[in-house]
Amino acid sequence: MNPSEIESIQNSQYKRLNIDRIEYGTAGFRARSEVLEHVFYRMGLLAVLRSKLKNANIGLMITASHNPESDNGIKLVDPHGEMLEISWEGIATDLANINDEGLISLLWQIINDNGIEMSMPVTIIIGRDTRKSSPLLLNAAISGIKALSGNVKDFGIITTPQLHYLVATTNTNADKSFSSLESYYKKLGNGFKRIRGETQYSNKYKANLYVDAANGVGANALKDIQKYIDSVLTINVFNDGNGELNYNCGADFVKTRSKLPLNSSNKPYVRLASIDGDADRLVYFYVDDQNKFHLMDGDRIATLAAVYLKELLEESNLSLKLGIVQTAYANGASTNYILNVLKIPVACVPTGVKHLHAKATEYDIGIYFEANGHGTVLFKDTAIKLIQESLTNTQLSTSEKTAISKIMDLVDMINQTVGDAISDILLVETILRTKDWSIVEWEQSYTDLPNKLLKVNVKDRNVVTVTDANRRCVTPKGLQEKINETIARYEKGRAFVRSSGTEDVIRVYVECESPSDVDKFALEVANLVYNFANGIGPRPESL
Ligand code: NG1
Ligand code: ZN
């Protein structure tokens with residue numbers, strides 16, 4: 001750092017507020033927006049250091065996803081569009097929490113420990129969601145970037161997956177020029193139109209989808225993608241920004257409450273979908289003629305994609321290894337279906353996209369989804385090369401060629417940098433149309449086990465530590481044994497607890513065979529957590 005940079009940082013208006021320690025969690029920092037200005041300033045500083053270290057553009061996304069409008073958050077995006085490397089999460093946490101007097105020396109420490117070459121010019125790519133607090137916080141981040149002489153490329157209001165895509169493609173453009181949103185829409189939209197080919201659907205599939213956009217940034221993206229897919233699919237957007245962000249709507253609301261979002265049609269068997277506030281999660285749903293709600297979550301999207309890819313691989317005779325990655329929150333019935341019906345390998349990893357993404361890269365084609373609807377499909381570079389080469393092989397049969405070119409269209413249609421609700425909608429719609437399935441046929445592949453996800457408020461959520469992909473609790477001592485005793489009383493019972501990385505709560509998940517037992521089961525485990533981890537607030541006595 002040169003003297004003027006140091007002076008600028010020392011004189012910055014963004015002084016640390018006297019708040020509790022804040023952690024770089026599952027998806028960066030998230031908190032009430034009014035306490036975050038100094039954190040954003042410091043993440044601006046850190047993004048410049050990371051960018052210099054990597055000699056590449058780094059992304060900053062300003063969003064608190066499905067959290068209430070009053071929250072905000074920030075995360076760094078690494079050069080290939082992936083989440084920040086895990087070893088830097090601790091550095092980000094330290095930098096966000098250090099007092100103002102220690103800031104310069106901590107920056108020097110980061111520079112020296114990592115051997116960062118400070119003279120290199122760098123650019124930070126920024127995007128933000130629609131929150132009202134975002135412009136002010138953006139200024140704080142820009143101020144941090146400029147204090148260390150970084151350049152800013154601000155893409156304004158965009159979805160989280162768009163920011164990931166823009167970072168990844170900009171860093172691979174041969175001339176280092178900035179990618180455009182248009183290239184994103186064209187890539188997805190063209191893949192979607194091409195793969196359609198001559199497929200005729202007539203009966204069950206209807207090319208008409210209703211999407212709840214959580215009153216967030218995804219509403220713009222859905223309206224934009226419509227222009228690139230012509231009338232192949234009509235996307236009717238509701239909760240498109242006139243109401244409050246994520247309030248009684250959006251993918252998280254629909255998944256956790258298992259009910260229709262605000263302003264939704266309740267016409268039986270109409271295919272509906274919800275995305276979240278920054279458009280990286282997607283769930284589908286419908287109501288039947290008894291007005292019963294049916295949810296098609298991330299597990300269902302993963303299995304649908306797996307069915308289709310498995311068929312295409314068989315038709316193409318390409319020898320590529322397909323695998324699925326889930327977390328412990330995946331419904332046991334979906335795991336069972338993947339293993340025993342589809343006969344595809346499945347891995348379970350800890351919660352957090354970075355873990356799923358990393359594991360999925362181990363397969364030639366890796367499908368990963370969180371039950372909450374965040375996920376995508378990854379194609380290894382070697383797999384893409386094989387697919388491309390096979391397209392020019394004159395020995396192949398017509399059906400092999402058709403299948404291979406469809407796989408290539410999928411490569412275009414899918415945003416491989418991160419789960420992307422817009423791209424995932426195109427994927428789901430492609431498969432339903434190809435199979436001529438209504439949402440009911442899709443649902444028939446397996447029956448979910450009844451399940452419940454609860455939150456428990458405790459004094460310090462860090463007292464709960466876990467291992468074995470979140471499935472076993474290490475501390476508080478004795479808690480896991482008690483949970484095991486409870487599980488043993490329920491047929492097909494499964495339960496686990498862990499501290500949230502995005503909210504100040506302990507999450508409790510249970511599933512079992514009997515729908516009438518699941519609430520009782522969930523309350524028993526929640527009460528164990530409350531007792532062992534010094535619960536605060538109302539005891540979890542009712543749901
Ligand atoms: P936490 O709060 O750590 O459980 C939640 C989701 C994650 C992930 C992140 C990021 C559940 C149970 N947890 O994390 O899967 O999506 O938010 O948004 O859905
Ligand atoms: Zn999100």
# chains A, B, ... in the order shown; residues from 1 in each chain; ligands from 1

$ select_by_dssp --residues "segment 362-427 of chain A" --states "alpha helix (DSSP H)" --output "VMD selection string"
chain A and resid 381 to 391 398 to 413 421 to 427

$ select_by_dssp --residues "segment 44-87 of chain A" --states "strand (DSSP E or B)" --output "list of chain:residue names"
A:Ile58, A:Gly59, A:Leu60, A:Met61, A:Ile62, A:Asp71, A:Asn72, A:Gly73, A:Ile74, A:Lys75, A:Leu76, A:Val77, A:Met83

$ closest_residue --among "A:Ala56, A:Ile158, A:Val39, A:Val428" --to "Asn173 of chain A" --atoms "only C-alpha atoms"
A:Ala56

$ residues_near_ligand --ligand "ligand 1" --cutoff "7 Å" --atoms "only C-alpha atoms and all ligand atoms" --output "list in words"
Thr26, Ala27, Ser65, Tyr329, Thr351, Gly352, Val353, Glu370, Ala371, Asn372, His374, Ser499, Ser500, Gly501, Thr502, Glu503 and Arg507 of chain A

$ closest_residue --among "A:Met1, A:Ile365, A:Val254, A:Leu163" --to "His80 of chain A" --atoms "only C-alpha atoms"
A:Leu163

$ residues_around --residues "Asn2 of chain A" --least-positions-apart "4" --cutoff "10 Å" --atoms "only C-alpha atoms" --output "list in words"
Ile6, Glu7, Met118, Ser119, Leu148 and Ser149 of chain A

$ closest_atom_pairs --of "chain A" --to "ligand 2" --cutoff "7 Å" --atoms "only C-alpha atoms and all ligand atoms" --output "tab-separated table"
residue	atom	partner	partner_atom_place_in_ligand_line	distance
A:Ser65	CA	ligand 2	1 (Zn)	3.9
A:His66	CA	ligand 2	1 (Zn)	5.6
A:Asp276	CA	ligand 2	1 (Zn)	5.5
A:Gly277	CA	ligand 2	1 (Zn)	6.0
A:Asp278	CA	ligand 2	1 (Zn)	4.8
A:Ala279	CA	ligand 2	1 (Zn)	5.8
A:Asp280	CA	ligand 2	1 (Zn)	4.7
A:Arg281	CA	ligand 2	1 (Zn)	5.6

$ atom_distance --atom1 "atom CA of Tyr446 of chain A" --atom2 "atom CA of Leu339 of chain A"
12.3 Å
